[in-house]
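Peer 1: You'll find final09.cif just under this line, and it carries mmCIF, C-alpha atoms.
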data_protein
loop_
_atom_site.label_atom_id
_atom_site.label_comp_id
_atom_site.auth_asym_id
_atom_site.auth_seq_id
_atom_site.Cartn_x
_atom_site.Cartn_y
_atom_site.Cartn_z
CA MET A 848 22.10 38.66 31.52
CA LYS A 849 23.92 40.24 34.47
CA SER A 850 25.64 36.99 35.47
CA LEU A 851 26.57 35.87 31.95
CA ARG A 852 30.21 35.55 30.99
CA CYS A 853 31.82 34.35 27.80
CA ALA A 854 32.03 30.55 27.80
CA ASN A 855 35.07 30.52 25.49
CA GLN A 856 38.15 29.88 27.65
CA GLN A 857 40.43 31.19 24.88
CA CYS A 858 38.64 34.53 24.68
CA PRO A 859 41.20 37.29 25.44
CA PHE A 860 38.43 39.49 26.86
CA VAL A 861 36.86 36.84 29.06
CA ALA A 862 37.86 38.59 32.28
CA LYS A 863 36.31 41.84 31.05
CA SER A 864 33.24 40.31 29.39
CA THR A 865 30.38 41.59 31.52
CA ALA A 866 26.71 41.74 30.65
CA SER A 867 27.38 44.72 28.35
CA GLY A 868 29.74 42.55 26.29
CA ILE A 869 27.17 39.76 25.80
CA ILE A 870 24.32 40.19 23.31
CA ARG A 871 21.33 38.05 22.36
CA TYR A 872 21.95 36.15 19.17
CA GLY A 873 18.81 34.35 18.06
CA PHE A 874 17.60 30.94 19.16
CA TYR A 875 18.40 27.25 18.71
CA GLN A 876 15.95 24.36 18.58
CA THR A 877 15.68 21.55 21.16
CA ARG A 878 13.16 18.77 21.62
CA TRP A 879 11.41 20.92 24.23
CA GLY A 880 11.28 24.09 22.15
CA LYS A 881 13.47 27.07 21.32
CA ARG A 882 16.29 28.24 23.58
CA ARG A 883 18.09 31.57 23.62
CA ARG A 884 21.58 31.86 22.14
CA PHE A 885 24.11 34.53 23.17
CA ARG A 886 27.19 36.02 21.50
CA CYS A 887 30.37 37.55 22.92
CA LYS A 888 31.41 40.82 21.31
CA GLY A 889 35.06 40.18 22.12
CA CYS A 890 35.70 36.82 20.43
CA GLY A 891 32.53 36.48 18.38
CA LYS A 892 31.70 33.01 19.77
CA THR A 893 28.12 32.02 20.46
CA PHE A 894 26.94 29.97 23.45
CA CYS A 895 23.85 29.04 25.43
CA TRP A 896 23.13 30.16 28.97
CA ASN A 897 24.02 26.82 30.59
CA ARG A 898 27.39 26.43 28.88
CA GLY A 899 29.99 25.52 31.50
CA THR A 900 27.43 23.97 33.88
CA ILE A 901 26.44 20.33 34.32
CA TYR A 902 23.13 21.09 32.56
CA HIS A 903 24.96 21.64 29.27
CA ARG A 904 23.85 19.12 26.59
CA LEU A 905 21.65 17.30 29.08
CA GLN A 906 19.29 15.01 27.16
CA HIS A 907 16.57 15.24 29.83
CA ARG A 908 14.82 18.00 31.66
CA ARG A 909 16.72 19.82 34.36
CA ARG A 910 13.92 18.96 36.76
CA SER A 911 14.63 15.25 36.32
CA PHE A 912 18.33 15.81 37.05
CA ASP A 913 17.50 17.73 40.23
CA GLU A 914 15.02 15.07 41.37
CA VAL A 915 17.61 12.32 40.96
CA ALA A 916 20.04 14.26 43.18
CA ALA A 917 17.28 14.96 45.73
CA LEU A 918 16.27 11.30 45.92
CA SER A 919 19.89 10.26 46.35
CA VAL A 920 20.43 12.43 49.45
CA GLU A 921 17.19 11.09 50.97
CA GLY A 922 18.68 7.60 51.21
CA LEU A 923 17.53 5.95 47.97
CA ASN A 924 20.05 3.81 46.14
CA LYS A 925 20.69 4.09 42.41
CA SER A 926 18.59 1.07 41.49
CA ALA A 927 15.58 2.43 43.36
CA ILE A 928 16.00 5.85 41.73
CA ALA A 929 16.24 4.27 38.29
CA ARG A 930 13.01 2.33 38.88
CA ALA A 931 11.14 5.30 40.34
CA LYS A 932 12.19 7.76 37.62
CA ARG A 933 12.22 5.22 34.79
CA ILE A 934 15.75 6.20 33.84
CA ALA A 935 18.58 3.84 32.99
CA TRP A 936 20.85 2.89 35.89
CA ASN A 937 23.94 4.07 33.98
CA THR A 938 22.31 7.45 33.44
CA VAL A 939 21.57 7.81 37.15
CA ASP A 940 25.15 6.85 37.97
CA ARG A 941 26.56 9.38 35.52
CA TRP A 942 24.25 12.15 36.74
CA LEU A 943 25.17 11.60 40.38
CA GLU A 944 28.84 11.72 39.50
CA LYS A 945 28.35 15.09 37.77
CA ALA A 946 26.22 16.39 40.65
CA ALA A 947 28.87 15.38 43.19
CA SER A 948 31.59 17.11 41.19
CA SER A 949 29.53 20.32 41.08
CA CYS A 950 28.78 20.15 44.82
CA ARG A 951 32.44 19.58 45.60
CA ARG A 952 33.38 22.78 43.80
CA PHE A 953 30.48 24.66 45.41
CA ASN A 954 31.46 23.53 48.91
CA HIS A 955 35.07 24.52 48.38
CA GLN A 956 34.13 27.97 47.15
CA ARG A 957 31.35 28.88 49.58
CA ILE A 958 32.39 27.37 52.91
CA THR A 959 35.04 29.93 53.81
CA ARG A 960 35.69 32.44 56.60
CA ILE A 961 33.26 30.80 59.00
CA SER A 962 33.12 31.71 62.68
CA VAL A 963 33.52 28.49 64.67
CA LYS A 964 32.58 28.88 68.33
CA GLU A 965 32.21 25.24 69.28
CA LEU A 966 33.58 22.42 67.14
CA GLN A 967 32.89 18.71 67.51
CA ALA A 968 34.46 15.87 65.53
CA ASP A 969 33.80 12.16 65.24
CA GLU A 970 34.23 9.20 62.88
CA ILE A 971 31.85 6.80 61.14
CA ARG A 972 32.94 3.27 60.34
CA THR A 973 31.83 1.66 57.08
CA LEU A 974 32.84 -0.91 54.49
CA VAL A 975 34.01 -0.30 50.93
CA GLY A 976 34.47 -3.12 48.45
CA GLY A 977 33.26 -5.94 50.70
CA ARG A 978 33.82 -7.46 54.11
CA GLU A 979 37.20 -8.86 53.14
CA GLN A 980 38.55 -5.28 52.84
CA LEU A 981 39.76 -3.14 55.72
CA PRO A 982 37.14 -0.77 57.13
CA ILE A 983 36.96 2.83 55.92
CA TRP A 984 36.33 5.72 58.29
CA ILE A 985 34.48 8.96 57.60
CA PHE A 986 35.85 11.85 59.66
CA VAL A 987 33.09 14.40 60.32
CA SER A 988 33.10 17.83 61.97
CA ILE A 989 30.31 20.22 62.93
CA ASP A 990 30.06 23.80 64.13
CA VAL A 991 27.56 23.47 66.98
CA TRP A 992 26.20 27.03 66.93
CA SER A 993 25.25 27.08 63.24
CA ARG A 994 24.96 23.27 62.77
CA LEU A 995 27.26 23.71 59.77
CA TRP A 996 29.11 20.67 58.43
CA PRO A 997 32.37 22.38 57.36
CA SER A 998 34.58 19.45 56.38
CA THR A 999 34.81 15.70 55.98
CA VAL A 1000 37.56 13.23 55.12
CA VAL A 1001 37.19 9.65 53.91
CA GLY A 1002 40.01 7.14 54.46
CA ARG A 1003 41.83 5.08 57.03
CA ARG A 1004 41.63 5.93 60.70
CA SER A 1005 45.11 7.41 60.74
CA TYR A 1006 47.03 10.42 61.96
CA ARG A 1007 47.28 11.78 58.43
CA ASN A 1008 43.53 11.84 57.80
CA THR A 1009 42.89 13.29 61.25
CA LEU A 1010 45.36 16.09 60.50
CA HIS A 1011 43.76 16.62 57.08
CA LEU A 1012 40.33 17.12 58.68
CA PHE A 1013 41.39 19.74 61.22
CA ARG A 1014 43.64 21.56 58.77
CA ASP A 1015 40.75 21.85 56.36
CA VAL A 1016 38.48 23.21 59.09
CA PHE A 1017 41.18 25.62 60.24
CA SER A 1018 41.68 26.94 56.69
CA ARG A 1019 37.97 27.77 56.46
CA MET A 1020 37.81 29.69 59.76
CA ASN A 1021 38.10 33.44 60.26
CA HIS A 1022 40.04 32.85 63.53
CA ASN A 1023 38.02 35.22 65.71
CA GLY A 1024 38.67 34.09 69.25
CA ALA A 1025 39.42 30.71 70.76
CA SER A 1026 37.37 27.67 69.81
CA LEU A 1027 35.91 25.00 72.04
CA ILE A 1028 36.68 21.57 70.60
CA ALA A 1029 35.23 18.24 71.72
CA THR A 1030 36.01 14.79 70.32
CA ASP A 1031 35.95 11.17 71.40
CA GLY A 1032 38.96 9.36 72.85
CA PHE A 1033 40.70 8.53 69.55
CA LYS A 1034 44.44 8.67 70.25
CA PHE A 1035 45.44 11.03 67.41
CA TYR A 1036 42.99 13.83 68.19
CA ARG A 1037 44.95 15.38 71.05
CA GLY A 1038 48.21 15.78 69.14
CA VAL A 1039 46.49 17.03 65.99
CA VAL A 1040 44.40 19.65 67.80
CA ARG A 1041 47.49 21.00 69.57
CA ARG A 1042 49.43 21.06 66.29
CA VAL A 1043 46.73 22.85 64.27
CA PHE A 1044 45.03 25.13 66.82
CA GLY A 1045 47.86 25.59 69.31
CA GLY A 1046 47.30 26.17 73.00
CA ALA A 1047 44.72 28.95 72.58
CA CYS A 1048 41.77 26.63 72.08
CA LEU A 1049 39.80 24.70 74.70
CA TYR A 1050 39.93 20.99 74.01
CA GLY A 1051 38.33 18.05 75.78
CA GLN A 1052 37.50 14.42 75.13
CA VAL A 1053 34.37 12.43 75.84
CA ILE A 1054 35.30 8.77 76.43
CA LYS A 1055 32.47 6.25 76.44
CA THR A 1056 32.82 2.72 77.79
CA ARG A 1057 30.53 0.14 76.17
CA ARG A 1058 29.53 -3.34 77.19
CA ASN A 1059 27.25 -5.51 75.05
CA ASP A 1060 26.65 -2.54 72.71
CA ARG A 1061 25.48 -0.36 75.60
CA VAL A 1062 27.16 2.70 77.08
CA ILE A 1063 27.83 1.96 80.73
CA ARG A 1064 30.12 4.90 81.57
CA VAL A 1065 30.89 8.37 80.19
CA GLU A 1066 34.13 10.06 81.19
CA ARG A 1067 34.92 13.68 80.33
CA ARG A 1068 38.56 14.72 80.25
CA VAL A 1069 39.82 18.29 79.82
CA ARG A 1070 43.00 18.26 77.76
CA THR A 1071 43.69 21.93 77.09
CA GLY A 1072 42.56 25.14 78.80
CA ALA A 1073 42.35 26.59 82.31
CA ALA A 1074 39.32 25.96 84.51
CA TRP A 1075 38.18 29.61 84.44
CA LYS A 1076 38.25 29.60 80.64
CA TRP A 1077 36.01 26.55 80.58
CA GLU A 1078 33.56 28.18 82.99
CA GLN A 1079 33.46 31.28 80.81
CA ALA A 1080 32.92 29.12 77.69
CA TRP A 1081 29.94 27.35 79.27
CA ARG A 1082 28.40 30.68 80.26
CA ASN A 1083 28.75 32.03 76.72
CA SER A 1084 27.61 28.85 75.01
CA GLU A 1085 24.03 28.80 73.69
CA ASP A 1086 23.94 25.03 73.16
CA SER A 1087 26.17 23.12 75.59
CA GLN A 1088 26.40 23.19 79.35
CA LYS A 1089 29.05 20.50 79.65
CA LEU A 1090 31.57 18.67 77.50
CA ASN A 1091 29.73 16.49 74.97
CA THR A 1092 29.74 15.13 71.42
CA SER A 1093 25.96 14.93 71.05
CA TYR A 1094 25.69 17.22 68.03
CA VAL A 1095 28.25 15.46 65.88
CA GLU A 1096 26.71 12.10 66.79
CA ARG A 1097 23.32 13.41 65.65
CA LEU A 1098 24.99 14.52 62.43
CA ASN A 1099 26.35 10.99 62.03
CA LEU A 1100 22.76 9.70 62.14
CA THR A 1101 21.70 12.23 59.50
CA ILE A 1102 24.56 11.13 57.27
CA ARG A 1103 23.65 7.46 57.66
CA GLN A 1104 20.02 8.19 56.83
CA GLY A 1105 20.95 10.27 53.79
CA SER A 1106 23.42 7.89 52.15
CA ALA A 1107 22.41 4.44 50.96
CA TYR A 1108 26.09 3.46 51.08
CA LEU A 1109 26.04 3.67 54.89
CA PHE A 1110 22.97 1.58 55.63
CA ARG A 1111 23.67 -1.36 57.89
CA ARG A 1112 23.10 -4.88 56.58
CA THR A 1113 22.56 -3.82 52.98
CA ILE A 1114 23.86 -4.81 49.57
CA CYS A 1115 24.20 -1.14 48.57
CA PHE A 1116 27.63 -0.56 50.07
CA ALA A 1117 30.13 1.45 48.02
CA ARG A 1118 32.34 -0.56 45.70
CA ARG A 1119 34.95 2.18 45.53
CA GLN A 1120 36.08 4.83 47.99
CA LYS A 1121 35.69 7.59 45.41
CA ARG A 1122 31.98 6.83 45.04
CA LEU A 1123 31.48 7.18 48.78
CA ASP A 1124 33.48 10.41 48.91
CA ASP A 1125 31.54 11.89 45.98
CA HIS A 1126 28.19 11.12 47.53
CA LEU A 1127 29.25 12.64 50.86
CA GLN A 1128 30.11 15.87 49.03
CA LEU A 1129 26.64 15.88 47.48
CA LEU A 1130 25.07 15.15 50.86
CA ARG A 1131 27.15 17.84 52.60
CA CYS A 1132 26.09 20.47 50.08
CA HIS A 1133 22.44 19.50 50.51
CA TYR A 1134 22.70 19.51 54.31
CA ASN A 1135 24.40 22.92 54.50
CA PHE A 1136 22.64 24.92 51.77
CA VAL A 1137 19.40 23.19 50.75
CA ARG A 1138 17.84 21.42 53.71
CA PRO A 1139 16.30 23.59 56.48
CA HIS A 1140 17.43 22.52 59.94
CA ARG A 1141 14.70 22.01 62.51
CA ALA A 1142 16.97 23.24 65.31
CA LEU A 1143 17.35 26.59 63.51
CA LYS A 1144 13.71 27.62 63.67
CA PHE A 1145 13.07 31.28 64.55
CA GLY A 1146 9.37 31.97 64.51
CA ARG A 1147 8.10 31.03 61.07
CA GLU A 1148 11.56 31.08 59.56
CA VAL A 1149 13.52 27.84 59.42
CA ARG A 1150 17.11 28.46 58.38
CA THR A 1151 19.67 26.24 56.76
CA PRO A 1152 23.08 25.87 58.44
CA ALA A 1153 24.60 28.06 55.72
CA MET A 1154 22.10 30.84 56.49
CA GLN A 1155 22.88 30.62 60.20
CA ALA A 1156 26.63 30.75 59.50
CA GLY A 1157 26.23 33.77 57.19
CA LEU A 1158 27.24 31.90 54.02
CA ALA A 1159 23.88 32.35 52.27
CA LYS A 1160 21.07 34.88 52.51
CA ARG A 1161 18.34 32.41 51.62
CA ARG A 1162 17.68 28.73 51.25
CA LEU A 1163 19.28 27.46 48.05
CA PHE A 1164 18.07 24.73 45.76
CA PHE A 1165 19.91 22.22 43.62
CA ARG A 1166 19.08 24.37 40.59
CA ASP A 1167 21.09 27.25 42.09
CA ILE A 1168 24.04 24.99 42.88
CA PHE A 1169 24.12 23.12 39.59
CA SER A 1170 23.70 26.33 37.56
CA ALA A 1171 26.83 27.85 39.09
CA SER A 1172 29.70 27.98 36.62
CA PRO A 1173 32.82 25.96 37.57
CA LEU A 1174 35.11 28.85 36.64
CA PHE A 1175 35.23 32.15 38.52
CA TRP A 1176 36.84 35.02 36.66
CA LEU A 1177 38.70 37.66 38.67
CA SER A 1178 41.22 40.38 37.81
CA GLY A 1179 42.30 39.23 34.37
CA LYS A 1180 42.98 35.59 35.17
CA ILE A 1181 41.28 32.40 36.26
CA ARG A 1182 41.71 32.59 40.00
CA PHE A 1183 40.05 29.31 40.85
CA VAL A 1184 40.33 26.18 38.74
CA PHE A 1185 39.16 23.18 40.71
CA THR A 1186 40.72 19.77 40.17
CA CYS A 1187 38.62 17.12 41.85
CA CYS A 1188 40.02 13.96 43.37
CA SER A 1189 38.82 11.42 45.88
CA SER A 1190 40.08 13.10 49.03
CA SER A 1191 40.93 16.73 48.35
CA VAL A 1192 40.46 19.71 46.08
CA HIS A 1193 43.46 21.45 44.61
CA VAL A 1194 43.48 25.10 43.64
CA HIS A 1195 45.68 26.51 40.93
CA ASP A 1196 46.19 30.00 39.51
CA LEU A 1197 46.42 30.33 35.75
CA LYS A 1198 47.09 33.65 34.04
CA PHE A 1199 45.67 34.64 30.70
CA PRO A 1200 47.63 36.61 28.10
CA LYS A 1201 46.76 40.26 28.07
CA ALA A 1202 44.45 41.51 25.36
CA ALA A 1203 46.04 43.30 22.44
#
For this file, write the structure as structure tokens.
Peer 2:
Amino acid sequence: MKSLRCANQQCPFVAKSTASGIIRYGFYQTRWGKRRRFRCKGCGKTFCWNRGTIYHRLQHRRRSFDEVAALSVEGLNKSAIARAKRIAWNTVDRWLEKAASSCRRFNHQRITRISVKELQADEIRTLVGGREQLPIWIFVSIDVWSRLWPSTVVGRRSYRNTLHLFRDVFSRMNHNGASLIATDGFKFYRGVVRRVFGGACLYGQVIKTRRNDRVIRVERRVRTGAAWKWEQAWRNSEDSQKLNTSYVERLNLTIRQGSAYLFRRTICFARRQKRLDDHLQLLRCHYNFVRPHRALKFGREVRTPAMQAGLAKRRLFFRDIFSASPLFWLSGKIRFVFTCCSSSVHVHDLKFPKAA
């Protein structure tokens, strides 16, 4: 009752409708039994508790919906999930699309004001639409200290997408102190890092030379920062003793294992870029908030990256994420209305008319 708000978007008292303004109003019948109905004192409209969430008017149990999302982030493709759960393929596809939309909103809302001490970035190459199409790249970033996956961008390997990645990470930081940034030798990284972070950060590149699919030489180049600043950074670092991209490369492996779209030599590649982007949002939410990280084990407690970064007090579950309402009411207006697209999330402010 404490978290309930009026589900009627036209309600003039929606911003002021707290638990005291919501009353119990009988029950309604479903195939699994009776469910509680609520009523808003302001507008008089009735609603159920899951109105405004992706569970609303779901024709299956919530547990089945959560299990489909959990199987998807463990690397199972839609056909395998449909066979295992005995659910139609179209239903699985529709559920995963709704789950990805909810996780996209949740990521945008919760991953904010993070303290990034050491940042690493890399790209993953994949195919979308078939081998005759140009390859698509997945730009990935990771905060080494917390193992948090703050941002990702799907698109061409271009300056624009590189800039989009670092701008998104920068907008989610609390900007406490200089950051240590490590990437590979991609040509656009140096100019983008200088443009977004300025000269205050420490930036270096790890350039690997391969021959016959084997790394034969690793060259580390310092691009920004004085030598004494680098020495101080290595002394203060809890994870790295030299310039490396090991943590983001390990994250790349986790992403490949968790998404059936990224398996090598498979028929389950993404047919559209939006499908790949949606599934990465679902996987990112699961990695940050749901899945405990084995590197973050402290005694008997195994934390998630979100717990380590201070974004969550406990391990969340898909039920917590999917039950979150897509609208967040603050100070008499809708402050956050999320419009989802394939590569970004737009935020708009809409005011409500004042109550009479």
Peer 1: Could you give me, as JSON lines, a per-residue list for region 1012-1122 of chain A showing, wherever an atom lies at most 12 Å from an atom of region 943-954 of chain A, the closest pair of atoms and their distance in Å to one decimal, using all atoms listed in the file and sorting by chain then residue number from low to high?
Peer 2:
{"residue": "A:Arg1019", "atom": "CA", "partner": "A:Asn954", "partner_atom": "CA", "distance": 10.8}
{"residue": "A:Lys1121", "atom": "CA", "partner": "A:Glu944", "partner_atom": "CA", "distance": 9.9}
{"residue": "A:Arg1122", "atom": "CA", "partner": "A:Glu944", "partner_atom": "CA", "distance": 8.0}
Peer 1: Take the PyMOL selection byres ((chain A and resi 1098-1108) around 6), run it mentally on this structure, and tell me the resulting residues as number ranges by chain.
Peer 2: A: 920-924, 1095-1097, 1109-1110, 1115-1117
Peer 1: Evaluate the PyMOL selection byres ((chain A and resi 908-915) around 10) against this structure - the residues, as a compact mmCIF listing (two decimals) with C-alpha atoms, in the frame of the given file, please.
Peer 2:
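Result file follows (result_28.txt):
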# COMPACT_ATOMS: atom_id res chain seq x y z
CA TRP A 879 11.41 20.92 24.23
CA ILE A 901 26.44 20.33 34.32
CA TYR A 902 23.13 21.09 32.56
CA HIS A 903 24.96 21.64 29.27
CA LEU A 905 21.65 17.30 29.08
CA GLN A 906 19.29 15.01 27.16
CA HIS A 907 16.57 15.24 29.83
CA ALA A 916 20.04 14.26 43.18
CA ALA A 917 17.28 14.96 45.73
CA LEU A 918 16.27 11.30 45.92
CA SER A 919 19.89 10.26 46.35
CA VAL A 920 20.43 12.43 49.45
CA LEU A 923 17.53 5.95 47.97
CA LYS A 925 20.69 4.09 42.41
CA ILE A 928 16.00 5.85 41.73
CA ALA A 929 16.24 4.27 38.29
CA ALA A 931 11.14 5.30 40.34
CA LYS A 932 12.19 7.76 37.62
CA ILE A 934 15.75 6.20 33.84
CA THR A 938 22.31 7.45 33.44
CA VAL A 939 21.57 7.81 37.15
CA ASP A 940 25.15 6.85 37.97
CA TRP A 942 24.25 12.15 36.74
CA LEU A 943 25.17 11.60 40.38
CA ALA A 946 26.22 16.39 40.65
CA PHE A 1164 18.07 24.73 45.76
CA PHE A 1165 19.91 22.22 43.62
CA ARG A 1166 19.08 24.37 40.59
CA PHE A 1169 24.12 23.12 39.59
Peer 1: Report the distance between CA of Asp969 (chain A) and CA of Val987 (chain A) in Å, rounded to one decimal place.
Peer 2: 5.5 Å
Peer 1: Using Å and a single decimal, report how far CA of Ile869 (chain A) sits from CA of Arg852 (chain A).
Peer 2: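 Between CA of Arg852 (chain A) and CA of Ile869 (chain A) the gap works out to 7.3 Å.
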Peer 1: Write out as JSON lines a residue-level contact list of region 945-986 of chain A versus region 1047-1067 of chain A with cut-off 12 Å: for each qualifying residue the closest pair of atoms and the distance in Å to one decimal, counting only C-alpha atoms, rows sorted by chain and residue number upward.
Peer 2:
{"residue": "A:Val963", "atom": "CA", "partner": "A:Cys1048", "partner_atom": "CA", "distance": 11.2}
{"residue": "A:Lys964", "atom": "CA", "partner": "A:Cys1048", "partner_atom": "CA", "distance": 10.2}
{"residue": "A:Glu965", "atom": "CA", "partner": "A:Leu1049", "partner_atom": "CA", "distance": 9.3}
{"residue": "A:Leu966", "atom": "CA", "partner": "A:Tyr1050", "partner_atom": "CA", "distance": 9.5}
{"residue": "A:Gln967", "atom": "CA", "partner": "A:Tyr1050", "partner_atom": "CA", "distance": 9.8}
{"residue": "A:Ala968", "atom": "CA", "partner": "A:Gln1052", "partner_atom": "CA", "distance": 10.2}
{"residue": "A:Asp969", "atom": "CA", "partner": "A:Val1053", "partner_atom": "CA", "distance": 10.6}
Peer 1: Could you state the separation of CA of Gly899 (chain A) and CA of Asn937 (chain A) in Å, given to one decimal place?
Peer 2: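 CA of Asn937 (chain A) lies at a distance of 22.4 Å from CA of Gly899 (chain A).
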Peer 1: How would you write, as a ChimeraX atom specification, the residues chosen by the PyMOL selection byres ((chain A and resi 1159) around 12) on this structure?
Peer 2: /A:957-959,961,995,1135-1137,1150-1158,1160-1164,1167-1168
Peer 1: Do you know which residues are at most 12 Å from Ser1018 (chain A) counting all atoms listed in the file, after dropping those on the same chain fewer than 2 positions away, and could you put them as a PyMOL selection string?
Peer 2: chain A and resi 955+958-963+997-998+1011-1016+1020-1022+1043-1044
Peer 1: Around all the atoms of region 940-954 of chain A listed in the file, draw an axis-aligned box and extend it by 8 Å on each of the six sides; I want its centre and edge lengths in Å to one decimal, as AutoDock Vina command-line options.
Peer 2:
--center_x 28.8 --center_y 15.8 --center_z 42.2 --size_x 25.1 --size_y 33.8 --size_z 29.4
Peer 1: Quick one: of A:Asp1031, A:Arg871, A:Lys1089, A:Tyr1094, who's nearest to Val991 (chain A), counting only C-alpha atoms?
Peer 2: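 Residue with the minimum atom-to-atom distance to Val991 (chain A): A:Tyr1094.
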Peer 1: Tell me which of A:Tyr1134, A:Arg1118, A:Gly880, A:Gly868 sits closest to Thr973 (chain A), counting all atoms listed in the file.
Peer 2: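 Residue with the minimum atom-to-atom distance to Thr973 (chain A): A:Arg1118.
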Peer 1: Pick from A:Gln980, A:Glu970, A:Trp992, A:Ala927: nearest to Ser1087 (chain A), with all atoms listed in the file counted?
Peer 2: A:Trp992
Peer 1: Pick from A:Gln1120, A:Thr900, A:Gln1128, A:Ser1170: nearest to Gly1002 (chain A), with only C-alpha atoms counted?
Peer 2: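 Counting only C-alpha atoms, the residue closest to Gly1002 (chain A) is A:Gln1120.
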Peer 1: Could you check which of A:Arg1131, A:His1140, A:Arg1068, A:Arg1042 is closest to Asn1091 (chain A), using all atoms listed in the file?
Peer 2: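 Once distances to Asn1091 (chain A) are computed over all atoms listed in the file, the minimum belongs to A:Arg1068.
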